[in-house]
Every structure is written in structure tokens, then in C-alpha cells.
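The file model.tsv contains TSV, C-alpha atoms and all ligand atoms:
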chain	number	residue	atom	x	y	z
A	1	MET	CA	96.53	2.29	1.92
A	2	GLU	CA	94.25	2.04	4.93
A	3	ARG	CA	94.16	-1.46	6.37
A	4	ILE	CA	90.89	-3.41	6.46
A	5	GLY	CA	89.64	-3.92	10.02
A	6	VAL	CA	88.76	-7.58	10.59
A	7	GLY	CA	87.03	-9.53	13.34
A	8	ILE	CA	86.66	-13.26	13.87
A	9	ILE	CA	83.66	-15.02	15.31
A	10	GLY	CA	84.66	-18.47	16.57
A	11	VAL	CA	88.35	-18.85	17.29
A	12	GLY	CA	88.59	-22.60	17.75
A	13	LEU	CA	90.80	-24.87	15.68
A	14	PHE	CA	90.03	-23.28	12.36
A	15	GLY	CA	89.22	-19.72	13.39
A	16	GLU	CA	92.79	-19.60	14.64
A	17	ASN	CA	94.05	-19.94	11.05
A	18	HIS	CA	91.92	-16.96	10.05
A	19	ALA	CA	93.28	-14.95	12.98
A	20	ARG	CA	96.92	-15.75	12.20
A	21	LEU	CA	96.59	-14.85	8.53
A	22	TYR	CA	94.83	-11.53	9.20
A	23	ARG	CA	97.43	-10.73	11.86
A	24	GLN	CA	100.17	-11.31	9.30
A	25	ASP	CA	98.67	-9.81	6.14
A	26	PRO	CA	99.83	-6.17	5.82
A	27	ARG	CA	96.49	-5.25	4.23
A	28	THR	CA	94.41	-6.23	7.28
A	29	LYS	CA	94.26	-5.18	10.90
A	30	LEU	CA	92.95	-7.87	13.25
A	31	VAL	CA	90.75	-5.72	15.47
A	32	GLY	CA	88.83	-8.23	17.58
A	33	LEU	CA	88.08	-11.84	18.45
A	34	CYS	CA	84.74	-13.25	19.55
A	35	ASP	CA	84.15	-16.67	21.05
A	36	LEU	CA	81.69	-18.03	23.58
A	37	ASN	CA	84.81	-19.50	25.15
A	38	THR	CA	86.43	-16.21	26.15
A	39	VAL	CA	89.30	-17.95	27.91
A	40	ARG	CA	90.34	-19.48	24.60
A	41	ALA	CA	89.85	-16.19	22.76
A	42	ASP	CA	91.80	-14.27	25.44
A	43	ALA	CA	94.77	-16.62	25.12
A	44	LEU	CA	94.90	-16.21	21.34
A	45	ALA	CA	94.41	-12.43	21.62
A	46	ARG	CA	97.36	-12.20	24.02
A	47	GLU	CA	99.55	-14.25	21.71
A	48	LEU	CA	98.64	-12.21	18.63
A	49	GLY	CA	98.43	-8.83	20.35
A	50	VAL	CA	94.72	-8.28	19.64
A	51	GLY	CA	93.16	-5.63	21.89
A	52	PHE	CA	89.48	-6.56	21.82
A	53	VAL	CA	87.91	-9.85	22.97
A	54	THR	CA	84.25	-10.55	23.56
A	55	GLY	CA	81.84	-13.42	24.02
A	56	SER	CA	79.13	-11.48	22.20
A	57	ALA	CA	79.03	-11.42	18.40
A	58	GLU	CA	76.74	-8.36	18.54
A	59	GLU	CA	79.41	-6.47	20.47
A	60	LEU	CA	82.08	-7.35	17.90
A	61	LEU	CA	79.80	-6.51	14.98
A	62	ALA	CA	78.88	-3.14	16.51
A	63	ARG	CA	82.48	-1.96	16.09
A	64	GLU	CA	82.78	0.49	13.23
A	65	ASP	CA	86.49	-0.17	12.81
A	66	ILE	CA	85.65	-3.71	11.63
A	67	GLN	CA	84.73	-3.92	7.96
A	68	ALA	CA	84.99	-7.69	7.46
A	69	VAL	CA	84.49	-10.79	9.56
A	70	SER	CA	85.34	-14.46	9.37
A	71	ILE	CA	82.77	-16.83	10.79
A	72	ALA	CA	84.35	-20.06	12.06
A	73	THR	CA	81.77	-21.35	14.50
A	74	PRO	CA	80.49	-24.98	14.32
A	75	ASP	CA	78.70	-26.10	11.15
A	76	PHE	CA	75.20	-25.47	12.56
A	77	ALA	CA	76.01	-21.96	13.83
A	78	HIS	CA	76.85	-19.95	10.71
A	79	THR	CA	73.58	-18.53	9.36
A	80	GLY	CA	72.46	-16.25	12.20
A	81	LEU	CA	75.96	-14.81	12.57
A	82	ALA	CA	76.36	-14.26	8.81
A	83	LEU	CA	73.01	-12.45	8.67
A	84	ALA	CA	73.89	-10.32	11.70
A	85	ALA	CA	77.26	-9.41	10.16
A	86	LEU	CA	75.70	-8.46	6.82
A	87	ALA	CA	73.05	-6.41	8.63
A	88	ARG	CA	75.93	-4.42	10.14
A	89	GLY	CA	77.41	-3.91	6.67
A	90	LYS	CA	80.37	-6.26	7.11
A	91	HIS	CA	81.93	-8.37	4.36
A	92	VAL	CA	81.77	-12.06	5.33
A	93	LEU	CA	84.07	-15.03	4.92
A	94	CYS	CA	82.03	-17.98	6.18
A	95	GLU	CA	83.47	-21.39	6.95
A	96	LYS	CA	81.77	-24.22	5.13
A	97	PRO	CA	78.88	-25.02	5.05
A	98	LEU	CA	77.22	-21.64	4.44
A	99	ALA	CA	74.10	-22.94	6.21
A	100	THR	CA	72.48	-26.25	7.04
A	101	SER	CA	69.20	-25.55	5.28
A	102	ALA	CA	68.74	-24.46	1.68
A	103	ALA	CA	66.31	-21.69	2.66
A	104	GLU	CA	68.82	-20.22	5.12
A	105	ALA	CA	71.67	-20.45	2.63
A	106	ARG	CA	69.60	-18.62	0.01
A	107	GLN	CA	68.64	-15.99	2.57
A	108	VAL	CA	72.28	-15.26	3.44
A	109	CYS	CA	73.15	-15.09	-0.26
A	110	ARG	CA	70.25	-12.74	-1.00
A	111	VAL	CA	70.98	-10.44	1.94
A	112	ALA	CA	74.66	-10.19	0.90
A	113	ALA	CA	73.64	-9.23	-2.64
A	114	GLU	CA	71.12	-6.65	-1.35
A	115	ALA	CA	73.71	-5.20	1.02
A	116	GLY	CA	76.34	-5.12	-1.74
A	117	ARG	CA	78.80	-6.94	0.51
A	118	THR	CA	81.28	-9.70	-0.37
A	119	LEU	CA	80.19	-13.15	0.78
A	120	MET	CA	82.75	-15.92	0.38
A	121	VAL	CA	82.38	-19.52	1.54
A	122	ASP	CA	85.66	-21.10	2.58
A	123	PHE	CA	85.77	-24.10	0.26
A	124	HIS	CA	89.55	-24.05	0.44
A	125	ASN	CA	90.12	-27.20	-1.60
A	126	ARG	CA	89.75	-24.99	-4.68
A	127	PHE	CA	93.19	-23.72	-3.58
A	128	ASN	CA	94.60	-27.21	-2.89
A	129	PRO	CA	97.49	-27.88	-5.34
A	130	PRO	CA	96.49	-31.36	-6.62
A	131	PHE	CA	92.94	-30.16	-7.31
A	132	LEU	CA	94.20	-26.95	-8.91
A	133	GLN	CA	96.33	-29.10	-11.23
A	134	ALA	CA	93.41	-31.43	-11.97
A	135	LYS	CA	91.19	-28.46	-12.80
A	136	ALA	CA	93.87	-27.05	-15.16
A	137	GLN	CA	94.26	-30.43	-16.89
A	138	ILE	CA	90.49	-30.78	-17.29
A	139	ASP	CA	90.10	-27.22	-18.59
A	140	GLU	CA	92.91	-27.82	-21.12
A	141	GLY	CA	91.00	-30.86	-22.41
A	142	GLU	CA	93.75	-33.27	-21.33
A	143	ILE	CA	91.30	-36.05	-20.27
A	144	GLY	CA	88.37	-35.08	-22.50
A	145	ARG	CA	84.96	-34.73	-20.95
A	146	VAL	CA	84.73	-35.77	-17.30
A	147	ARG	CA	82.31	-38.67	-16.99
A	148	PHE	CA	83.01	-40.04	-13.51
A	149	ILE	CA	84.54	-38.88	-10.23
A	150	HIS	CA	85.11	-41.04	-7.19
A	151	MET	CA	86.13	-38.94	-4.23
A	152	ARG	CA	86.95	-40.19	-0.77
A	153	LEU	CA	87.46	-37.73	2.08
A	154	SER	CA	87.42	-39.38	5.48
A	155	ASP	CA	88.73	-38.90	9.01
A	156	THR	CA	89.86	-41.17	11.78
A	157	LEU	CA	87.65	-41.63	14.83
A	158	TYR	CA	89.71	-38.94	16.57
A	159	VAL	CA	87.93	-36.15	14.66
A	160	PRO	CA	84.29	-36.78	15.69
A	161	THR	CA	85.16	-38.14	19.14
A	162	ARG	CA	87.95	-35.87	20.41
A	163	MET	CA	88.75	-33.08	17.98
A	164	LEU	CA	85.20	-31.76	17.54
A	165	SER	CA	82.96	-31.29	20.58
A	166	TRP	CA	79.93	-30.84	18.30
A	167	ALA	CA	80.12	-33.80	15.85
A	168	GLY	CA	76.74	-35.10	17.11
A	169	ARG	CA	75.14	-31.83	16.00
A	170	SER	CA	76.65	-32.07	12.51
A	171	SER	CA	77.42	-34.98	10.21
A	172	VAL	CA	80.24	-36.33	8.12
A	173	ALA	CA	78.29	-35.06	5.10
A	174	TRP	CA	78.32	-31.46	6.38
A	175	PHE	CA	81.87	-31.55	7.69
A	176	LEU	CA	83.59	-33.48	4.86
A	177	GLY	CA	81.00	-34.15	2.16
A	178	SER	CA	80.45	-30.44	1.54
A	179	HIS	CA	84.10	-30.16	0.36
A	180	CYS	CA	83.55	-33.07	-2.07
A	181	VAL	CA	80.33	-31.62	-3.45
A	182	ASP	CA	82.01	-28.28	-4.05
A	183	LEU	CA	84.97	-29.95	-5.77
A	184	VAL	CA	82.74	-32.06	-8.01
A	185	ARG	CA	80.79	-28.95	-9.08
A	186	TRP	CA	83.97	-26.95	-9.64
A	187	LEU	CA	85.87	-29.65	-11.52
A	188	THR	CA	82.98	-30.57	-13.82
A	189	GLY	CA	81.10	-27.27	-14.08
A	190	ALA	CA	77.94	-29.38	-13.69
A	191	GLU	CA	75.24	-29.35	-11.02
A	192	VAL	CA	73.83	-32.30	-9.10
A	193	ALA	CA	70.51	-33.29	-10.65
A	194	ARG	CA	69.65	-36.39	-8.64
A	195	LEU	CA	71.31	-38.44	-5.93
A	196	TYR	CA	71.06	-41.52	-3.83
A	197	ALA	CA	72.83	-41.80	-0.48
A	198	ARG	CA	73.29	-44.54	2.09
A	199	SER	CA	74.82	-44.50	5.54
A	200	THR	CA	75.82	-46.83	8.33
A	201	SER	CA	75.67	-46.00	12.02
A	202	GLY	CA	76.56	-47.56	15.34
A	203	VAL	CA	80.21	-46.92	16.16
A	204	LEU	CA	79.72	-43.23	16.98
A	205	ALA	CA	76.22	-43.77	18.40
A	206	ARG	CA	77.63	-46.30	20.89
A	207	ARG	CA	79.99	-43.53	22.06
A	208	GLY	CA	77.04	-41.18	22.59
A	209	ILE	CA	77.61	-39.21	19.36
A	210	ASP	CA	74.35	-39.18	17.49
A	211	THR	CA	75.50	-39.09	13.87
A	212	ALA	CA	76.22	-41.52	11.04
A	213	ASP	CA	79.55	-43.33	10.88
A	214	LEU	CA	79.80	-42.99	7.12
A	215	ILE	CA	77.79	-41.69	4.19
A	216	VAL	CA	78.19	-42.72	0.55
A	217	ALA	CA	76.34	-40.80	-2.15
A	218	THR	CA	75.97	-41.34	-5.88
A	219	LEU	CA	75.40	-38.05	-7.68
A	220	ASP	CA	73.86	-37.84	-11.17
A	221	LEU	CA	75.23	-34.68	-12.74
A	222	SER	CA	73.40	-32.27	-15.04
A	223	ASP	CA	75.86	-33.05	-17.89
A	224	GLY	CA	75.20	-36.81	-17.75
A	225	GLY	CA	78.30	-37.55	-15.65
A	226	VAL	CA	78.29	-39.46	-12.38
A	227	ALA	CA	80.13	-38.93	-9.10
A	228	VAL	CA	80.45	-41.06	-6.01
A	229	ILE	CA	81.48	-39.36	-2.80
A	230	GLU	CA	82.46	-41.35	0.24
A	231	ASN	CA	82.85	-39.76	3.65
A	232	CYS	CA	83.68	-41.75	6.74
A	233	TRP	CA	84.27	-40.66	10.34
A	234	ILE	CA	85.43	-43.96	11.84
A	235	LEU	CA	88.78	-44.73	10.24
A	236	GLY	CA	91.20	-46.47	12.59
A	237	ASP	CA	92.74	-44.15	15.14
A	238	ASN	CA	96.22	-45.60	14.62
A	239	ALA	CA	96.37	-44.41	10.98
A	240	PRO	CA	99.43	-42.22	10.38
A	241	SER	CA	97.18	-39.31	9.29
A	242	VAL	CA	93.78	-38.23	10.67
A	243	VAL	CA	92.58	-37.57	7.12
A	244	GLU	CA	92.29	-39.69	3.95
A	245	PHE	CA	91.71	-37.82	0.71
A	246	GLN	CA	91.67	-39.48	-2.72
A	247	ALA	CA	90.06	-38.73	-6.05
A	248	HIS	CA	89.79	-40.71	-9.27
A	249	ILE	CA	88.56	-38.66	-12.23
A	250	VAL	CA	87.68	-40.43	-15.47
A	251	GLY	CA	87.27	-38.51	-18.73
A	252	THR	CA	86.50	-39.57	-22.27
A	253	GLU	CA	90.20	-39.37	-23.14
A	254	GLY	CA	92.06	-40.18	-19.97
A	255	HIS	CA	91.95	-40.16	-16.23
A	256	ILE	CA	93.50	-38.42	-13.20
A	257	ASN	CA	94.34	-39.95	-9.83
A	258	ILE	CA	94.83	-37.73	-6.80
A	259	SER	CA	96.15	-38.59	-3.40
A	260	ALA	CA	95.74	-35.39	-1.41
A	261	ALA	CA	96.17	-36.62	2.14
A	262	PRO	CA	99.40	-36.55	4.09
A	263	SER	CA	101.17	-39.72	2.96
A	264	GLN	CA	104.83	-40.58	2.64
A	265	MET	CA	106.27	-37.14	1.95
A	266	ILE	CA	107.20	-36.62	5.58
A	267	THR	CA	106.60	-39.06	8.39
A	268	VAL	CA	107.73	-38.85	11.99
A	269	SER	CA	108.10	-41.93	14.16
A	270	ALA	CA	108.58	-41.24	17.84
A	271	ASP	CA	106.93	-41.79	21.23
A	272	GLU	CA	103.54	-40.64	19.94
A	273	GLY	CA	103.62	-43.30	17.19
A	274	HIS	CA	103.98	-43.00	13.45
A	275	ARG	CA	102.60	-39.77	11.98
A	276	ALA	CA	102.36	-38.41	8.45
A	277	LEU	CA	102.62	-34.62	8.51
A	278	ASP	CA	100.58	-32.12	6.52
A	279	VAL	CA	102.60	-30.24	3.94
A	280	LEU	CA	99.70	-28.75	2.00
A	281	ALA	CA	97.08	-27.14	4.23
A	282	VAL	CA	98.92	-24.87	6.67
A	283	GLN	CA	102.67	-24.26	6.63
A	284	ASN	CA	105.06	-21.86	8.23
A	285	THR	CA	107.41	-20.93	5.39
A	286	HIS	CA	110.20	-19.12	7.25
A	287	GLY	CA	107.69	-17.07	9.22
A	288	ARG	CA	105.18	-16.55	6.40
A	289	LEU	CA	101.95	-18.53	6.60
A	290	THR	CA	101.30	-20.55	3.46
A	291	GLY	CA	99.22	-23.56	2.41
A	292	PHE	CA	95.88	-23.94	0.69
A	293	ALA	CA	93.85	-23.40	3.88
A	294	ILE	CA	95.65	-20.07	4.27
A	295	GLU	CA	95.54	-19.08	0.59
A	296	SER	CA	91.75	-19.17	0.55
A	297	ILE	CA	91.60	-16.72	3.46
A	298	ARG	CA	94.21	-14.53	1.71
A	299	HIS	CA	92.00	-14.68	-1.39
A	300	PHE	CA	89.17	-13.08	0.59
A	301	VAL	CA	91.52	-10.20	1.41
A	302	ASP	CA	92.62	-10.02	-2.25
A	303	VAL	CA	88.96	-9.67	-3.23
A	304	LEU	CA	88.29	-6.97	-0.61
A	305	CYS	CA	91.31	-5.06	-1.91
A	306	GLY	CA	90.09	-5.34	-5.50
A	307	GLU	CA	93.05	-7.54	-6.42
A	308	ALA	CA	91.09	-10.67	-7.39
A	309	ARG	CA	87.71	-11.79	-8.60
A	310	LEU	CA	85.79	-13.84	-6.00
A	311	LEU	CA	86.31	-17.57	-6.70
A	312	VAL	CA	83.83	-19.14	-4.26
A	313	ASP	CA	80.70	-17.09	-3.74
A	314	GLY	CA	77.42	-17.38	-1.88
A	315	ARG	CA	75.83	-19.22	-4.81
A	316	ASP	CA	78.44	-21.97	-4.43
A	317	GLY	CA	77.53	-22.08	-0.75
A	318	VAL	CA	73.84	-22.43	-1.59
A	319	ALA	CA	74.53	-25.18	-4.13
A	320	ALA	CA	76.60	-27.27	-1.71
A	321	THR	CA	74.04	-26.83	1.08
A	322	ARG	CA	71.22	-27.96	-1.22
A	323	VAL	CA	73.12	-31.10	-2.17
A	324	ILE	CA	74.05	-32.00	1.41
A	325	CYS	CA	70.42	-31.48	2.50
A	326	ALA	CA	69.37	-33.84	-0.32
A	327	ILE	CA	72.01	-36.39	0.77
A	328	GLU	CA	70.66	-36.32	4.31
A	329	GLU	CA	67.10	-36.66	3.02
A	330	SER	CA	68.05	-39.56	0.76
A	331	VAL	CA	69.65	-41.35	3.71
A	332	ARG	CA	66.50	-40.72	5.78
A	333	VAL	CA	63.99	-41.94	3.19
A	334	ALA	CA	66.32	-44.59	1.67
A	335	SER	CA	65.36	-43.41	-1.83
A	336	PRO	CA	66.83	-41.26	-4.58
A	337	VAL	CA	66.17	-37.52	-4.33
A	338	GLU	CA	65.73	-35.20	-7.32
A	339	LEU	CA	67.10	-31.68	-7.15
A	340	THR	CA	64.97	-29.17	-8.99
A	341	VAL	CA	66.57	-27.18	-11.77
A	342	ASP	CA	66.48	-23.78	-10.02
A	343	TRP	CA	70.23	-24.00	-9.60
A	344	PRO	CA	71.70	-20.91	-8.00
B	1	LIG	N1	88.87	-28.22	12.05
B	1	LIG	C1	89.05	-28.33	10.73
B	1	LIG	O1	89.93	-29.08	10.24
B	1	LIG	C2	88.21	-27.52	9.80
B	1	LIG	C3	88.63	-27.47	8.52
B	1	LIG	C4	87.91	-26.70	7.62
B	1	LIG	C5	86.79	-26.06	8.04
B	1	LIG	N2	86.34	-26.15	9.30
B	1	LIG	C6	85.07	-25.50	9.65
B	1	LIG	O2	85.33	-24.43	10.54
B	1	LIG	C7	84.22	-24.29	11.45
B	1	LIG	C8	84.77	-24.36	12.87
B	1	LIG	O3	85.35	-25.63	13.07
B	1	LIG	P1	86.45	-25.85	14.20
B	1	LIG	O4	87.05	-27.17	13.90
B	1	LIG	O5	87.31	-24.67	14.34
B	1	LIG	O6	85.50	-25.97	15.50
B	1	LIG	P2	85.89	-25.62	17.02
B	1	LIG	O7	84.89	-26.29	17.86
B	1	LIG	O8	87.34	-25.92	17.26
B	1	LIG	O9	85.73	-24.05	17.09
B	1	LIG	C9	84.48	-23.43	17.03
B	1	LIG	C10	84.51	-22.26	18.02
B	1	LIG	O10	83.31	-21.51	17.84
B	1	LIG	C11	82.88	-21.05	19.13
B	1	LIG	N3	81.47	-20.69	19.06
B	1	LIG	C12	80.39	-21.51	18.92
B	1	LIG	N4	79.26	-20.79	18.81
B	1	LIG	C13	79.63	-19.48	18.88
B	1	LIG	C14	78.90	-18.26	18.83
B	1	LIG	N5	77.58	-18.23	18.67
B	1	LIG	N6	79.59	-17.11	18.94
B	1	LIG	C15	80.94	-17.10	19.12
B	1	LIG	N7	81.67	-18.25	19.16
B	1	LIG	C16	81.02	-19.41	19.05
B	1	LIG	C17	83.21	-22.21	20.06
B	1	LIG	O11	83.28	-21.81	21.40
B	1	LIG	C18	84.54	-22.71	19.48
B	1	LIG	O12	85.66	-22.12	20.12
B	1	LIG	C19	83.24	-25.43	11.12
B	1	LIG	O13	82.21	-24.96	10.32
B	1	LIG	C20	84.11	-26.43	10.36
B	1	LIG	O14	83.37	-27.21	9.43
B	1	LIG	C21	87.06	-26.84	10.21

Take the structure from the file and write it as C-alpha cells.
Amino acid sequence: MERIGVGIIGVGLFGENHARLYRQDPRTKLVGLCDLNTVRADALARELGVGFVTGSAEELLAREDIQAVSIATPDFAHTGLALAALARGKHVLCEKPLATSAAEARQVCRVAAEAGRTLMVDFHNRFNPPFLQAKAQIDEGEIGRVRFIHMRLSDTLYVPTRMLSWAGRSSVAWFLGSHCVDLVRWLTGAEVARLYARSTSGVLARRGIDTADLIVATLDLSDGGVAVIENCWILGDNAPSVVEFQAHIVGTEGHINISAAPSQMITVSADEGHRALDVLAVQNTHGRLTGFAIESIRHFVDVLCGEARLLVDGRDGVAATRVICAIEESVRVASPVELTVDWP
């Protein structure tokens, strides 16, 4: 079988995962890397033995030996690149969020459909074992009808201040809240009909990062259920893990509790302090990349090879973008926001 030629636009922290998986998967050939930071891209290309590096997305997309691309640029820089890739006939795996305006998200979705190309949005928590189990339990009727979800996905101050150079041009709602919105939709099968969101600011602003410290949103769902999502970017830097991730799901006949952040399974205490290590997202299993953040990328390849049906499509990307836009609007106007019923 001929291997699928793949390119990556944006090879920072997360784009690197895409690159490593494509390099390893026997069904793909990692043809080229693109990043505005060509020094970074060059270093990764040398390590992975990739022959083509460019700072220009157009140059990468012009290559006919590339049939599919991953887009892993910052949250605000997905739409133009996705549209350019689709215009060149490439299949697209786009990091979340698909876009930061509903109109742009719809446009990408429409163009992909017109071009007959696969468009996947990388909501990888649909591949995260505790949420996969929760979904199976819900679908089997184990807890009855889901009536309430409380989901908390938060980061320590390290993420917006030192890990991301662009936090001030995004928000905790785009970066973390979009995962929660997608999970709530997936777990319940319902859409968000109305929401009310509040935020607090000051800690990040005092450090020159112009974005909210935390955002809490109450979502009224189309099936009468309710969800509360809580996303914070200022957890204490001395926490053992940079991420906190909990969910509490209440049904008519039972409930599910999820603790999905690195906790006590493996901790390391040494000079750098006390750290809880990730065992779920990205793992090296005796040389083979595994973990839910890898499995979602592998799923994209499965779909391109006709081995799986697409699990997270452009319509899911549009839906999450619409909700996050409404959350940001609700924060701005300090009032509830209705979402019209033209769900994707
Ligand atoms: N870091 C995470 O834990 C994580 C997890 C899941 C998803 N994501 C998503 O992945 C995306 C990337 O996040 P990241 O953490 O890797 O950010 P990053 O800043 O580490 O990497 C982004 C890279 O994109 C490059 N870039 C920016 N604009 C570009 C352009 N026009 N053309 C080519 N390259 C460009 C930058 O130079 C940078 O190297 C975001 O949408 C983020 O929400 C990140």
C-alpha cells in the first residue's frame, strides 16, 4: 500500500506529537514540517529524518506528495491555514479549536465538505480512557439519563505564563474549555441551548497577559440537563501536576466520578520537587507511541486509510466554537446567552 504523505504546520509542543506519530506509523510518510520558527522545525526534522522544512505554509501545501496535514499552530491561527490546506486538496487534522469565530468554523466545515476532504478536529479526550469508560457506561444505561455534569479542567500558572507564549491572544475557555464543551456534547448527545458564564481576572493581567484567570460556565442542555464547566489558569505552580481534570456525572439512576489528571499513580520526588507523571496522554510503550493524545492522531490515519469512521468531525468543531464564543460573550455582557437551534 502506498503511504500517505503528511505535512505538519506548527511544530511546537503539540505539533511534535503529530510529527512523531506520523514518523512512526507505517501507513504515513512524514514529508515536511512548517513552522515560523524554522530553527525549531529544523531541529525536529533532523531528529526525525524529515527532508523538507519551511517557514511558509504555502510552500508546504504546494507539495503534491503531501495528501494530509496536521495544523498545530496557536488557537487563533487555525482557520486561514485549514482553508489554504483544503484549497490545495489536503485532508486536515486541526488542533482544537477549529476556529475562534462561528462563521469561520462553519466556513472551514463547508469548504471541507465541498472539497470532499476529511476534516477532523483533535478533541482527543474522546480517546481518553476514563471518558471512554464513562461514555460506555452511559450508553449502556448504567446511570440512567444524564442530568448534570460538573467538569473541571484547569492548569497551573506555568501554562499561560511560561509554557504558552500566546496565552494573552487566547483564553482558558479556548484552550481548556473547548475540551469540556466537546466532552459534554459527546457524553450527553445534547447541544448547548443557553449558557451563563462568569470570569475573574487580575493575576495574569498583572503579569502582562491580557486574559481571564478563570472562567466558569453553566450550560443548559437541549435535553433539559445542566452542565457546569470550570476552567482556571492560575492554579498554584507548586502543584505536583500542571493539569487538574475532574468530572462528576449525575444520572437518573446513578453517578460517575472521574479523576483524569496525573495523581498518585506515579510520582517522582527529586531536586525539581514533587511531580505526578502523565500515564494517559503520551507514552512510549517500548518504542511504540501510545496514549490518548496519540490515539486521536492515529485515528485520523485510520480514517484516511478507510479503516475507521470519523469520530470527531468539522460539525463538532463548529459546535464547540459556537459555545466558546457564547461563553466569551456571556462573560463580556454579564448575562445569559441563548444559542439558536441551527445546531450543526
Ligand atoms: N500544549 C498542549 O498541551 C496542547 C494540548 C492539546 C492541544 N493543543 C493545541 O495545539 C495547538 C498548538 O499548541 P502548542 O502548545 O503546541 O503551541 P506552541 O506555541 O508550542 O506551538 C505552536 C507553533 O506554531 C508555530 N506557528 C504559529 N503560527 C504559524 C504559522 N502561521 N505557520 C507556521 N507555524 C506557525 C509557532 O512558531 C509554534 O512553534 C493549539 O491550538 C493548542 O490549543 C495544545

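Reported to one decimal place, the separation of CA of Thr79 in chain A from CA of Arg185 in chain A is 22.4 Å.
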
Could you list, as JSON, numbers by chain, every residue within 12 Å of Pro26 in chain A, counting all atoms listed in the file and ignoring same-chain residues fewer than 5 positions away?
{"A": [1, 2, 3, 4, 5, 20, 21, 288, 298, 301, 302, 305]}

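Between CA of Leu13 in chain A and CA of Ala197 in chain A lies a distance of 29.5 Å.
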
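Within 6 Å of the point (77.5, -21.1, -1.5), and counting all atoms listed in the file, the protein, DNA and RNA residues are Leu98, Val121, Asp313, Gly314, Arg315, Asp316, Gly317, Val318 and Ala319 of chain A.
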
For Ser199 in chain A: contacts at 10 Å, all atoms listed in the file, fewer than 4 positions along chain excluded, given as a list of chain:residue names:
A:Thr211, A:Ala212, A:Asp213, A:Leu214, A:Ile215, A:Val216, A:Ala217, A:Glu230, A:Asn231, A:Cys232, A:Ile327, A:Glu328, A:Ser330, A:Val331, A:Arg332, A:Ala334

Those same residues, written as a PDB file, keeping the file's coordinate frame with C-alpha atoms?
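See result_6.pdb below for the written result:
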ATOM      1  CA  THR A 211      75.500 -39.090  13.870  1.00  0.00           C
ATOM      2  CA  ALA A 212      76.220 -41.520  11.040  1.00  0.00           C
ATOM      3  CA  ASP A 213      79.550 -43.330  10.880  1.00  0.00           C
ATOM      4  CA  LEU A 214      79.800 -42.990   7.120  1.00  0.00           C
ATOM      5  CA  ILE A 215      77.790 -41.690   4.190  1.00  0.00           C
ATOM      6  CA  VAL A 216      78.190 -42.720   0.550  1.00  0.00           C
ATOM      7  CA  ALA A 217      76.340 -40.800  -2.150  1.00  0.00           C
ATOM      8  CA  GLU A 230      82.460 -41.350   0.240  1.00  0.00           C
ATOM      9  CA  ASN A 231      82.850 -39.760   3.650  1.00  0.00           C
ATOM     10  CA  CYS A 232      83.680 -41.750   6.740  1.00  0.00           C
ATOM     11  CA  ILE A 327      72.010 -36.390   0.770  1.00  0.00           C
ATOM     12  CA  GLU A 328      70.660 -36.320   4.310  1.00  0.00           C
ATOM     13  CA  SER A 330      68.050 -39.560   0.760  1.00  0.00           C
ATOM     14  CA  VAL A 331      69.650 -41.350   3.710  1.00  0.00           C
ATOM     15  CA  ARG A 332      66.500 -40.720   5.780  1.00  0.00           C
ATOM     16  CA  ALA A 334      66.320 -44.590   1.670  1.00  0.00           C
TER      17      ALA A 334
END

Using only C-alpha atoms - which residues lie no farther than 6 Å from the point (85.3, -8.8, 11.0) in the file's frame? Write them as a VMD selection string.
chain A and resid 6 to 8 66 to 70

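With all atoms listed in the file as the atoms that count, the residue of A:Ala84, A:Leu48, A:Gly273, A:Val172 with the shortest distance to Leu204 in chain A is A:Val172.
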
If we count only C-alpha atoms, what is near His299 in chain A at a cut-off of 10 Å, once residues fewer than 4 positions away on the same chain are taken out, given as a ChimeraX atom specification?
/A:120,122,124,127,294-295,303-305,307-312

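Excluding Val39 in chain A itself and any same-chain residue fewer than 3 positions from it, the protein and nucleic acid residues within 12 Å of it, counting only C-alpha atoms, are Val11, Gly12, Leu33, Cys34, Asp35, Leu36, Asp42, Ala43, Leu44, Ala45, Arg46, Val53, Thr54 and Gly55 of chain A.
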
Could you give me, as a PyMOL selection string, the residues within 10 Å of Asp139 in chain A, counting all atoms listed in the file and dropping anything in the same chain fewer than 6 positions from it?
chain A and resi 133+145+187-188

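Considering all atoms listed in the file, the residue among A:Asp278, A:Glu47, A:Glu104, A:Asp223 positioned nearest to ligand LIG 1 (chain B) is A:Asp278.
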
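Closest approach to ligand LIG 1 (chain B) among A:Ala19, A:Met163, A:Val192, A:Leu86: A:Met163, based on only C-alpha atoms and all ligand atoms.
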
Rank nothing, just name the residue among A:Val31, A:Ala173, A:Val50, A:Ile209 nearest to ligand LIG 1 (chain B), using all atoms listed in the file.
A:Ala173

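Interatomic distance, atom O13 of ligand LIG 1 (chain B) to CA of Glu58 in chain A: 19.3 Å.
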
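Among the candidates A:His91, A:Arg322, A:Arg152, A:His274, the one nearest to Gln246 in chain A when counting only C-alpha atoms is A:Arg152.
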
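Distances here use only C-alpha atoms and all ligand atoms; by that measure, the residue among A:Val203, A:Val243, A:Ala227, A:Ala102 closest to ligand LIG 1 (chain B) is A:Val243.
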